[in-house]
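J.: Once you've had a glance at the structure underneath, I'll fire off some questions.
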Amino acid sequence: MVQKKVTWQSPSNIALIKYWGKHDVQIPANPSLSFTLSKSFTETSLTILDEPGNKDFDFELYLDQDLRPDFKPKITTFLKRIEADLDFLKGQKFRIETHNSFPHSSGIASSASGMSALALCLLSLKQELESKKEESFFKKASTWSRLGSGSASRSVYPKLSLWGKHKAITESSDDYAIAFPERVDPIFEDFCDYILLVDKGEKKVSSTVGHQLMNNHPYAQRRFLQAHENLDALLKYLKLGDVESFGEIVESEALTLHAMMMTSMPYFILMKPNTLKILEMIWAFRKETSIPAYFTLDAGANVHLLFPKVYEQQLGDWVNTEVKALLKNGDYICDAVGNGPLKL
Ligand code: DP6
């Protein structure tokens with residue numbers, strides 16, 4: 001077999017309605033909705049080498065040119081989940097080379113962008129080698145991404161992605177994400193997400209452990225129901241362009257995610273003192289200026305500052321003069337809603 005190489009760039013995403021809790025093989029306990037990001041992405045190449053390998057998956061993984069055997073177990077688990085579709089890789093040596101646009105130590109999870117980039121590479125290569133066109137390429141890529149990391153399922157579409165069955169959206173599915181199928185007010189199409197890097201340390205609780213904590217959680221069932229209710233409300237506000245009501249739901253989702261961690265056993269507080277300070281500053285800024293800037297959080301201490309693009313100048317100045325001092329090395333990423341993955 002000749003050496004074959006494929007490269008994809010795939011973005012990270014930020015959930016507005018949070019996925020927290022799963023069962024069986026990566027089936028979400030509730031639907032989630034996310035903005036696809038633009039500047040935070042992973043670029044991954046998959047090369048099939050011109051050498052025979054052993055009958056298991058025989059690969060090496062490089063992050064920024066460094067050999068990283070520590071990443072292999074997670075990737076192997078993923079590959080085994082889709083191995084029925086990977087005949088073309090069996091008995092063949094291959095190499096995975098990956099690079100994140102954001103530093104590994106930024107506290108930004110690379111699993112959504114990383115797993116979706118790898119899933120896209122695998123599916124592209126499968127198509128090329130088997131000369132078979134996959135009819136719904138991105139649906140399949142999303143299904144595979146989900147089996148690598150739940151949130152990765154949402155990274156393969158532009159703008160807004162929905163993963164998980166929800167009664168108001170007939171095409172929705174627990175098996176894969178879909179591009180948000182309804183009309184959305186244009187104000188949300190280029191929304192900004194400034195990622196304020198409060199703490200760059202490794203996460204104290206991995207998302208795998210975090211999701212497990214929802215299994216015997218006293219408030220889990222009510223939370224899963226609330227995600228459906230919040231999604232219904234958000235669908236309405238996205239259509240109407242009601243940024244204030246949108247922001248209220250999004251902030252409540254972020255605090256609920258953290259409340260779930262604080263009330264699980266064992267319990268965790270992932271926010272840092274500066275996270276809280278920044279949340280209070282956002283509330284005060286909103287009150288003083290009437291500018292609709294809101295926050296969301298993922299499973300860490302960083303703050304995602306969300307606002308319509310027309311206010312970029314004001315928010316940029318504010319972050320630079322008031323917030324920067326609270327950030328690790330003064331670092332933040334000026335991201336925004338993006339156009340989805342790119343084959344290079
Ligand atoms: C808090 O997708 O990282 O970011 O499926 O175990 O890989 P696994 O979990 P992961 O969980 C993401 C959780 C979250 C919320 C979200 O992105 O919806």
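Identifiers in this document derive from the order of the structure tokens: chains are assigned A, B, ..., residues are numbered from 1 separately in each chain, and ligands are numbered from 1 in order of occurrence.
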Determine, using only C-alpha atoms and all ligand atoms, which residues of chain A have any atom at most 10 Å from an atom of ligand 1, and tabulate each with its shortest atom pair and distance in Å to one decimal place, rows ordered by chain and then rising number, as CSV.

T.:
```
residue,atom,partner,partner_atom_place_in_ligand_line,distance
A:Ser12,CA,ligand 1,17 (O),9.5
A:Asn13,CA,ligand 1,17 (O),7.3
A:Ile14,CA,ligand 1,17 (O),6.1
A:Ala15,CA,ligand 1,18 (O),4.7
A:Leu16,CA,ligand 1,18 (O),7.5
A:Ile17,CA,ligand 1,18 (O),6.6
A:Lys18,CA,ligand 1,18 (O),3.9
A:Tyr19,CA,ligand 1,18 (O),3.6
A:Trp20,CA,ligand 1,13 (C),5.6
A:Gly21,CA,ligand 1,13 (C),8.5
A:Lys22,CA,ligand 1,5 (O),7.7
A:Val25,CA,ligand 1,5 (O),9.4
A:Gln26,CA,ligand 1,5 (O),6.1
A:Ile27,CA,ligand 1,5 (O),8.6
A:Pro28,CA,ligand 1,5 (O),8.3
A:Asn30,CA,ligand 1,18 (O),9.7
A:Pro31,CA,ligand 1,18 (O),8.8
A:Ser32,CA,ligand 1,18 (O),5.9
A:Leu33,CA,ligand 1,18 (O),7.3
A:Ser34,CA,ligand 1,18 (O),7.3
A:Lys74,CA,ligand 1,7 (O),9.7
A:Ile108,CA,ligand 1,4 (O),9.6
A:Ala109,CA,ligand 1,3 (O),7.1
A:Ser110,CA,ligand 1,3 (O),8.5
A:Ser111,CA,ligand 1,3 (O),6.0
A:Ala112,CA,ligand 1,2 (O),6.3
A:Met115,CA,ligand 1,7 (O),8.9
A:Ser145,CA,ligand 1,5 (O),9.5
A:Arg146,CA,ligand 1,5 (O),7.0
A:Leu147,CA,ligand 1,5 (O),7.7
A:Gly148,CA,ligand 1,7 (O),6.5
A:Ser149,CA,ligand 1,7 (O),3.4
A:Gly150,CA,ligand 1,5 (O),3.4
A:Ser151,CA,ligand 1,2 (O),3.6
A:Ala152,CA,ligand 1,2 (O),6.1
A:Ser153,CA,ligand 1,2 (O),8.3
A:Arg154,CA,ligand 1,17 (O),8.7
A:Trp163,CA,ligand 1,18 (O),9.1
A:Ser206,CA,ligand 1,3 (O),7.8
A:Ser207,CA,ligand 1,9 (O),4.8
A:Thr208,CA,ligand 1,6 (O),4.1
A:Val209,CA,ligand 1,6 (O),7.8
A:Gly210,CA,ligand 1,6 (O),8.0
A:His211,CA,ligand 1,6 (O),6.6
A:Gln212,CA,ligand 1,6 (O),8.9
A:Glu253,CA,ligand 1,15 (C),9.9
A:Ala254,CA,ligand 1,1 (C),8.7
A:Leu257,CA,ligand 1,1 (C),7.1
A:His258,CA,ligand 1,1 (C),8.8
A:Leu297,CA,ligand 1,1 (C),7.8
A:Asp298,CA,ligand 1,1 (C),4.5
A:Ala299,CA,ligand 1,1 (C),4.5
A:Gly300,CA,ligand 1,1 (C),8.1
```

J.: Based on DSSP run over this structure's backbone, return all residues of stretch 5-216 of chain A in strand (DSSP E), as a PyMOL selection string.

T.: chain A and resi 5-17+22-23+27-28+32-52+58-63+66-67+92-100+160-163+177-179+192-196

J.: Pick from A:Pro52, A:Leu255, A:Arg183, A:Pro266: nearest to A:Val205, with only C-alpha atoms counted?

T.: A:Pro266

J.: Counting only C-alpha atoms, which residue out of A:Asp199, A:Glu135, A:Glu244, A:Asp70 sits closest to A:Asn302?

T.: A:Asp199

J.: For A:Gly164, which of A:Tyr294, A:Tyr62, A:Phe188, A:Phe224 is the closest residue, counting only C-alpha atoms?

T.: A:Phe224

J.: Looking at A:Val250, A:Ser10, A:Glu189, A:Ser264, which one is nearest to A:Pro218, with distances taken over only C-alpha atoms?

T.: A:Ser264

J.: Just asking: which residues within stretch 163-268 of chain A are helix (DSSP H, G or I) according to DSSP, as a compact mmCIF listing (two decimals) with all heavy atoms, in the first residue's frame?

T.:
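The result, written out as part_35.txt:
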```txt
# COMPACT_ATOMS: atom_id res chain seq x y z
N PRO A 186 -29.70 36.88 13.10
CA PRO A 186 -28.30 37.09 12.67
C PRO A 186 -27.37 37.58 13.78
O PRO A 186 -26.16 37.38 13.69
CB PRO A 186 -28.41 38.16 11.57
CG PRO A 186 -29.84 38.26 11.22
CD PRO A 186 -30.66 37.58 12.26
N ILE A 187 -27.93 38.16 14.84
CA ILE A 187 -27.05 38.65 15.92
C ILE A 187 -26.21 37.51 16.52
O ILE A 187 -25.11 37.73 17.02
CB ILE A 187 -27.87 39.38 17.02
CG1 ILE A 187 -26.91 40.21 17.90
CG2 ILE A 187 -28.68 38.42 17.87
CD1 ILE A 187 -27.55 41.36 18.61
N PHE A 188 -26.73 36.27 16.45
CA PHE A 188 -26.01 35.14 17.04
C PHE A 188 -24.99 34.52 16.07
O PHE A 188 -24.22 33.66 16.45
CB PHE A 188 -26.99 34.07 17.51
CG PHE A 188 -27.88 34.56 18.63
CD1 PHE A 188 -29.23 34.76 18.43
CD2 PHE A 188 -27.34 34.84 19.88
CE1 PHE A 188 -30.05 35.24 19.46
CE2 PHE A 188 -28.14 35.31 20.91
CZ PHE A 188 -29.50 35.51 20.70
N SER A 207 -13.43 14.97 32.75
CA SER A 207 -14.85 14.97 32.42
C SER A 207 -15.44 13.57 32.56
O SER A 207 -16.60 13.41 32.93
CB SER A 207 -15.10 15.56 31.03
OG SER A 207 -14.28 14.96 30.10
N THR A 208 -14.63 12.54 32.32
CA THR A 208 -15.13 11.16 32.49
C THR A 208 -15.60 10.95 33.92
O THR A 208 -16.70 10.44 34.16
CB THR A 208 -14.00 10.15 32.15
OG1 THR A 208 -13.48 10.51 30.90
CG2 THR A 208 -14.51 8.73 32.13
N VAL A 209 -14.78 11.36 34.87
CA VAL A 209 -15.16 11.22 36.28
C VAL A 209 -16.36 12.12 36.58
O VAL A 209 -17.32 11.72 37.24
CB VAL A 209 -13.96 11.58 37.20
CG1 VAL A 209 -14.38 11.65 38.66
CG2 VAL A 209 -12.84 10.57 37.01
N GLY A 210 -16.35 13.32 36.05
CA GLY A 210 -17.44 14.27 36.28
C GLY A 210 -18.78 13.72 35.82
O GLY A 210 -19.77 13.76 36.55
N HIS A 211 -18.81 13.16 34.61
CA HIS A 211 -20.07 12.60 34.10
C HIS A 211 -20.55 11.46 35.01
O HIS A 211 -21.74 11.35 35.28
CB HIS A 211 -19.88 12.07 32.68
CG HIS A 211 -19.71 13.15 31.65
ND1 HIS A 211 -20.74 13.97 31.27
CD2 HIS A 211 -18.64 13.55 30.93
CE1 HIS A 211 -20.31 14.83 30.36
NE2 HIS A 211 -19.03 14.60 30.14
N GLN A 212 -19.60 10.65 35.48
CA GLN A 212 -19.97 9.53 36.36
C GLN A 212 -20.62 10.01 37.65
O GLN A 212 -21.50 9.34 38.20
CB GLN A 212 -18.73 8.72 36.73
CG GLN A 212 -18.42 7.62 35.74
CD GLN A 212 -17.03 7.05 35.96
OE1 GLN A 212 -16.41 7.27 37.00
NE2 GLN A 212 -16.53 6.32 34.98
N ALA A 220 -29.89 14.80 39.89
CA ALA A 220 -29.65 14.51 38.47
C ALA A 220 -30.93 14.56 37.63
O ALA A 220 -30.97 15.23 36.60
CB ALA A 220 -28.96 13.17 38.32
N GLN A 221 -31.97 13.85 38.07
CA GLN A 221 -33.15 13.74 37.22
C GLN A 221 -33.78 15.10 36.95
O GLN A 221 -34.19 15.41 35.83
CB GLN A 221 -34.19 12.77 37.82
CG GLN A 221 -33.71 11.32 37.86
CD GLN A 221 -33.09 10.85 36.53
OE1 GLN A 221 -33.63 11.11 35.45
NE2 GLN A 221 -31.94 10.18 36.60
N ARG A 222 -33.83 15.94 38.00
CA ARG A 222 -34.40 17.27 37.82
C ARG A 222 -33.52 18.11 36.90
O ARG A 222 -33.99 18.89 36.08
CB ARG A 222 -34.57 17.96 39.19
CG ARG A 222 -35.35 19.27 39.09
CD ARG A 222 -36.76 19.02 38.54
NE ARG A 222 -37.50 20.23 38.19
CZ ARG A 222 -37.42 20.83 36.99
NH1 ARG A 222 -36.61 20.36 36.05
NH2 ARG A 222 -38.15 21.89 36.74
N ARG A 223 -32.22 17.94 37.01
CA ARG A 223 -31.29 18.67 36.14
C ARG A 223 -31.50 18.29 34.67
O ARG A 223 -31.51 19.15 33.79
CB ARG A 223 -29.84 18.40 36.59
CG ARG A 223 -28.79 18.62 35.51
CD ARG A 223 -28.78 20.07 34.99
NE ARG A 223 -28.07 20.16 33.70
CZ ARG A 223 -28.28 21.11 32.80
NH1 ARG A 223 -29.17 22.06 33.02
NH2 ARG A 223 -27.61 21.12 31.67
N PHE A 224 -31.63 16.99 34.40
CA PHE A 224 -31.79 16.55 33.00
C PHE A 224 -33.07 17.16 32.39
O PHE A 224 -33.08 17.61 31.25
CB PHE A 224 -31.80 15.02 32.89
CG PHE A 224 -30.53 14.37 33.42
CD1 PHE A 224 -30.56 13.12 34.04
CD2 PHE A 224 -29.30 15.01 33.30
CE1 PHE A 224 -29.40 12.52 34.52
CE2 PHE A 224 -28.12 14.42 33.79
CZ PHE A 224 -28.18 13.17 34.41
N LEU A 225 -34.11 17.20 33.21
CA LEU A 225 -35.37 17.82 32.77
C LEU A 225 -35.17 19.32 32.51
O LEU A 225 -35.66 19.87 31.52
CB LEU A 225 -36.40 17.61 33.89
CG LEU A 225 -37.86 17.74 33.55
CD1 LEU A 225 -38.25 16.71 32.49
CD2 LEU A 225 -38.71 17.51 34.83
N GLN A 226 -34.44 19.95 33.41
CA GLN A 226 -34.19 21.40 33.28
C GLN A 226 -33.46 21.71 31.98
O GLN A 226 -33.72 22.74 31.34
CB GLN A 226 -33.35 21.87 34.47
CG GLN A 226 -33.03 23.36 34.45
CD GLN A 226 -31.78 23.68 35.26
OE1 GLN A 226 -30.81 22.92 35.26
NE2 GLN A 226 -31.81 24.81 35.95
N ALA A 227 -32.54 20.83 31.56
CA ALA A 227 -31.81 21.07 30.31
C ALA A 227 -32.79 21.14 29.14
O ALA A 227 -32.65 21.99 28.24
CB ALA A 227 -30.76 19.98 30.08
N HIS A 228 -33.80 20.25 29.14
CA HIS A 228 -34.83 20.29 28.08
C HIS A 228 -35.61 21.60 28.13
O HIS A 228 -35.89 22.22 27.11
CB HIS A 228 -35.80 19.10 28.23
CG HIS A 228 -35.21 17.79 27.78
ND1 HIS A 228 -35.33 17.34 26.49
CD2 HIS A 228 -34.50 16.85 28.44
CE1 HIS A 228 -34.72 16.16 26.38
NE2 HIS A 228 -34.21 15.85 27.55
N GLU A 229 -35.97 22.00 29.36
CA GLU A 229 -36.75 23.25 29.51
C GLU A 229 -35.91 24.44 29.03
O GLU A 229 -36.40 25.31 28.31
CB GLU A 229 -37.14 23.45 30.98
CG GLU A 229 -38.12 22.40 31.50
CD GLU A 229 -38.17 22.32 33.03
OE1 GLU A 229 -37.43 23.06 33.72
OE2 GLU A 229 -38.95 21.50 33.54
N ASN A 230 -34.65 24.46 29.45
CA ASN A 230 -33.79 25.58 29.05
C ASN A 230 -33.56 25.60 27.54
O ASN A 230 -33.47 26.67 26.93
CB ASN A 230 -32.44 25.50 29.78
CG ASN A 230 -32.55 26.01 31.21
OD1 ASN A 230 -33.54 26.66 31.57
ND2 ASN A 230 -31.56 25.72 32.03
N LEU A 231 -33.47 24.40 26.96
CA LEU A 231 -33.29 24.34 25.50
C LEU A 231 -34.52 24.90 24.79
O LEU A 231 -34.40 25.70 23.85
CB LEU A 231 -32.98 22.90 25.07
CG LEU A 231 -32.76 22.66 23.59
CD1 LEU A 231 -31.65 23.56 23.03
CD2 LEU A 231 -32.40 21.20 23.32
N ASP A 232 -35.70 24.52 25.26
CA ASP A 232 -36.94 25.07 24.68
C ASP A 232 -36.93 26.59 24.72
O ASP A 232 -37.25 27.25 23.73
CB ASP A 232 -38.16 24.56 25.47
CG ASP A 232 -38.72 23.28 24.88
OD1 ASP A 232 -38.64 23.12 23.64
OD2 ASP A 232 -39.22 22.44 25.65
N ALA A 233 -36.57 27.13 25.87
CA ALA A 233 -36.55 28.59 26.03
C ALA A 233 -35.51 29.21 25.09
O ALA A 233 -35.77 30.19 24.40
CB ALA A 233 -36.25 28.95 27.47
N LEU A 234 -34.35 28.59 25.04
CA LEU A 234 -33.26 29.13 24.21
C LEU A 234 -33.63 29.12 22.72
O LEU A 234 -33.30 30.07 21.99
CB LEU A 234 -31.98 28.32 24.45
CG LEU A 234 -30.68 29.10 24.32
CD1 LEU A 234 -30.64 30.27 25.28
CD2 LEU A 234 -29.49 28.20 24.58
N LEU A 235 -34.33 28.07 22.29
CA LEU A 235 -34.75 28.00 20.88
C LEU A 235 -35.58 29.23 20.53
O LEU A 235 -35.42 29.83 19.47
CB LEU A 235 -35.59 26.73 20.63
CG LEU A 235 -34.90 25.39 20.87
CD1 LEU A 235 -35.85 24.23 20.56
CD2 LEU A 235 -33.64 25.26 20.02
N LYS A 236 -36.44 29.60 21.47
CA LYS A 236 -37.30 30.76 21.25
C LYS A 236 -36.47 32.04 21.17
O LYS A 236 -36.63 32.85 20.25
CB LYS A 236 -38.30 30.83 22.42
CG LYS A 236 -39.36 31.88 22.27
CD LYS A 236 -40.49 31.68 23.28
CE LYS A 236 -40.09 32.31 24.61
NZ LYS A 236 -40.92 31.90 25.73
N TYR A 237 -35.54 32.22 22.10
CA TYR A 237 -34.77 33.47 22.15
C TYR A 237 -33.77 33.58 21.00
O TYR A 237 -33.47 34.68 20.54
CB TYR A 237 -34.05 33.59 23.50
CG TYR A 237 -35.00 33.54 24.67
CD1 TYR A 237 -34.71 32.79 25.82
CD2 TYR A 237 -36.23 34.21 24.61
CE1 TYR A 237 -35.60 32.73 26.87
CE2 TYR A 237 -37.13 34.14 25.67
CZ TYR A 237 -36.81 33.40 26.79
OH TYR A 237 -37.70 33.34 27.83
N LEU A 238 -33.28 32.44 20.53
CA LEU A 238 -32.35 32.46 19.38
C LEU A 238 -33.09 32.96 18.14
O LEU A 238 -32.56 33.73 17.35
CB LEU A 238 -31.80 31.06 19.11
CG LEU A 238 -30.72 30.56 20.07
CD1 LEU A 238 -30.49 29.06 19.87
CD2 LEU A 238 -29.40 31.31 19.87
N LYS A 239 -34.33 32.52 18.01
CA LYS A 239 -35.15 32.92 16.87
C LYS A 239 -35.50 34.41 16.96
O LYS A 239 -35.41 35.15 15.99
CB LYS A 239 -36.43 32.08 16.88
CG LYS A 239 -36.98 31.81 15.50
CD LYS A 239 -38.18 30.88 15.54
CE LYS A 239 -37.80 29.43 15.80
NZ LYS A 239 -38.94 28.51 15.89
N LEU A 240 -35.86 34.83 18.17
CA LEU A 240 -36.31 36.22 18.37
C LEU A 240 -35.16 37.22 18.40
O LEU A 240 -35.38 38.42 18.28
CB LEU A 240 -37.05 36.33 19.71
CG LEU A 240 -38.42 35.66 19.83
CD1 LEU A 240 -38.92 35.75 21.26
CD2 LEU A 240 -39.41 36.33 18.87
N VAL A 243 -31.30 38.81 23.14
CA VAL A 243 -29.99 38.52 23.74
C VAL A 243 -30.07 38.49 25.27
O VAL A 243 -29.40 37.67 25.90
CB VAL A 243 -28.94 39.56 23.27
CG1 VAL A 243 -27.60 39.30 23.91
CG2 VAL A 243 -28.80 39.51 21.75
N GLU A 244 -30.90 39.33 25.86
CA GLU A 244 -30.98 39.37 27.33
C GLU A 244 -31.53 38.04 27.88
O GLU A 244 -30.95 37.46 28.80
CB GLU A 244 -31.88 40.53 27.82
CG GLU A 244 -31.22 41.90 27.73
CD GLU A 244 -31.17 42.46 26.32
OE1 GLU A 244 -31.91 41.96 25.42
OE2 GLU A 244 -30.38 43.40 26.08
N SER A 245 -32.62 37.57 27.29
CA SER A 245 -33.19 36.31 27.78
C SER A 245 -32.27 35.14 27.46
O SER A 245 -32.13 34.20 28.26
CB SER A 245 -34.57 36.07 27.16
OG SER A 245 -35.40 37.18 27.41
N PHE A 246 -31.62 35.19 26.31
CA PHE A 246 -30.62 34.18 25.93
C PHE A 246 -29.52 34.14 27.00
O PHE A 246 -29.16 33.07 27.53
CB PHE A 246 -30.04 34.58 24.56
CG PHE A 246 -28.72 33.95 24.19
CD1 PHE A 246 -28.67 32.75 23.48
CD2 PHE A 246 -27.51 34.57 24.53
CE1 PHE A 246 -27.44 32.19 23.13
CE2 PHE A 246 -26.28 34.01 24.17
CZ PHE A 246 -26.25 32.82 23.47
N GLY A 247 -29.01 35.32 27.35
CA GLY A 247 -27.90 35.41 28.31
C GLY A 247 -28.27 34.88 29.69
O GLY A 247 -27.46 34.25 30.36
N GLU A 248 -29.52 35.13 30.06
CA GLU A 248 -29.97 34.66 31.38
C GLU A 248 -29.95 33.13 31.46
O GLU A 248 -29.50 32.55 32.43
CB GLU A 248 -31.39 35.18 31.59
CG GLU A 248 -31.80 35.37 33.01
CD GLU A 248 -33.09 36.16 33.08
OE1 GLU A 248 -34.16 35.55 32.85
OE2 GLU A 248 -33.04 37.38 33.34
N ILE A 249 -30.44 32.50 30.39
CA ILE A 249 -30.45 31.03 30.36
C ILE A 249 -29.01 30.50 30.34
O ILE A 249 -28.67 29.55 31.05
CB ILE A 249 -31.19 30.51 29.09
CG1 ILE A 249 -32.65 30.96 29.08
CG2 ILE A 249 -31.07 28.99 28.97
CD1 ILE A 249 -33.59 30.16 29.91
N VAL A 250 -28.18 31.13 29.54
CA VAL A 250 -26.80 30.64 29.38
C VAL A 250 -26.03 30.76 30.71
O VAL A 250 -25.32 29.83 31.11
CB VAL A 250 -26.09 31.41 28.23
CG1 VAL A 250 -24.60 31.16 28.22
CG2 VAL A 250 -26.70 31.01 26.89
N GLU A 251 -26.19 31.86 31.41
CA GLU A 251 -25.51 32.01 32.70
C GLU A 251 -26.04 31.00 33.71
O GLU A 251 -25.28 30.40 34.48
CB GLU A 251 -25.67 33.44 33.24
CG GLU A 251 -24.85 34.45 32.45
CD GLU A 251 -24.73 35.82 33.09
OE1 GLU A 251 -25.49 36.13 34.04
OE2 GLU A 251 -23.87 36.60 32.63
N SER A 252 -27.36 30.79 33.68
CA SER A 252 -27.94 29.82 34.62
C SER A 252 -27.42 28.40 34.33
O SER A 252 -27.11 27.64 35.26
CB SER A 252 -29.46 29.86 34.51
OG SER A 252 -30.02 28.76 35.17
N GLU A 253 -27.27 28.05 33.05
CA GLU A 253 -26.72 26.73 32.69
C GLU A 253 -25.30 26.56 33.23
O GLU A 253 -24.94 25.51 33.76
CB GLU A 253 -26.69 26.58 31.16
CG GLU A 253 -27.99 26.06 30.57
CD GLU A 253 -28.23 24.59 30.87
OE1 GLU A 253 -27.33 23.77 30.70
OE2 GLU A 253 -29.34 24.27 31.30
N ALA A 254 -24.50 27.62 33.11
CA ALA A 254 -23.10 27.55 33.57
C ALA A 254 -23.06 27.33 35.08
O ALA A 254 -22.31 26.47 35.58
CB ALA A 254 -22.37 28.84 33.20
N LEU A 255 -23.87 28.10 35.81
CA LEU A 255 -23.85 27.97 37.27
C LEU A 255 -24.44 26.63 37.71
O LEU A 255 -24.01 26.05 38.70
CB LEU A 255 -24.59 29.15 37.91
CG LEU A 255 -23.91 30.51 37.68
CD1 LEU A 255 -24.73 31.64 38.31
CD2 LEU A 255 -22.48 30.53 38.23
N THR A 256 -25.43 26.14 36.94
CA THR A 256 -26.00 24.83 37.27
C THR A 256 -24.95 23.73 37.11
O THR A 256 -24.84 22.83 37.95
CB THR A 256 -27.23 24.53 36.38
OG1 THR A 256 -28.19 25.55 36.58
CG2 THR A 256 -27.83 23.18 36.69
N LEU A 257 -24.18 23.81 36.02
CA LEU A 257 -23.10 22.81 35.82
C LEU A 257 -22.19 22.78 37.05
O LEU A 257 -21.87 21.70 37.58
CB LEU A 257 -22.31 23.19 34.55
CG LEU A 257 -21.02 22.43 34.30
CD1 LEU A 257 -21.31 20.99 33.89
CD2 LEU A 257 -20.19 23.11 33.20
N HIS A 258 -21.78 23.96 37.50
CA HIS A 258 -20.88 24.01 38.66
C HIS A 258 -21.60 23.59 39.94
O HIS A 258 -21.01 22.96 40.82
CB HIS A 258 -20.21 25.38 38.75
CG HIS A 258 -19.10 25.51 37.76
ND1 HIS A 258 -17.77 25.48 38.11
CD2 HIS A 258 -19.13 25.58 36.40
CE1 HIS A 258 -17.03 25.55 37.01
NE2 HIS A 258 -17.84 25.62 35.96
N ALA A 259 -22.89 23.92 40.04
CA ALA A 259 -23.67 23.49 41.21
C ALA A 259 -23.75 21.96 41.28
O ALA A 259 -23.71 21.37 42.35
CB ALA A 259 -25.07 24.10 41.15
N MET A 260 -23.85 21.32 40.11
CA MET A 260 -23.89 19.86 40.07
C MET A 260 -22.58 19.28 40.61
O MET A 260 -22.57 18.29 41.32
CB MET A 260 -24.13 19.36 38.64
CG MET A 260 -25.51 19.60 38.10
SD MET A 260 -26.77 18.71 39.06
CE MET A 260 -27.64 20.07 39.75
N MET A 261 -21.47 19.94 40.27
CA MET A 261 -20.17 19.45 40.76
C MET A 261 -20.03 19.69 42.26
O MET A 261 -19.46 18.88 42.98
CB MET A 261 -19.03 20.17 40.05
CG MET A 261 -18.99 19.86 38.58
SD MET A 261 -17.58 20.68 37.87
CE MET A 261 -18.28 21.17 36.32
N MET A 262 -20.57 20.80 42.72
CA MET A 262 -20.45 21.12 44.15
C MET A 262 -21.33 20.22 45.01
O MET A 262 -21.07 20.04 46.19
CB MET A 262 -20.84 22.58 44.39
CG MET A 262 -19.82 23.57 43.89
SD MET A 262 -20.30 25.20 44.47
CE MET A 262 -20.16 26.13 42.98
```

J.: Which residue, A:Thr170, A:Phe57, A:Thr275, A:Pro181, has the smallest gap to A:Leu79 when you use only C-alpha atoms?

T.: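 Closest to A:Leu79 of all the choices is A:Phe57.
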
J.: What's the 9 Å shell around A:Cys334, counting only C-alpha atoms, without same-chain residues fewer than 3 positions away, as a VMD selection string?

T.: chain A and resid 39 192 to 196 316
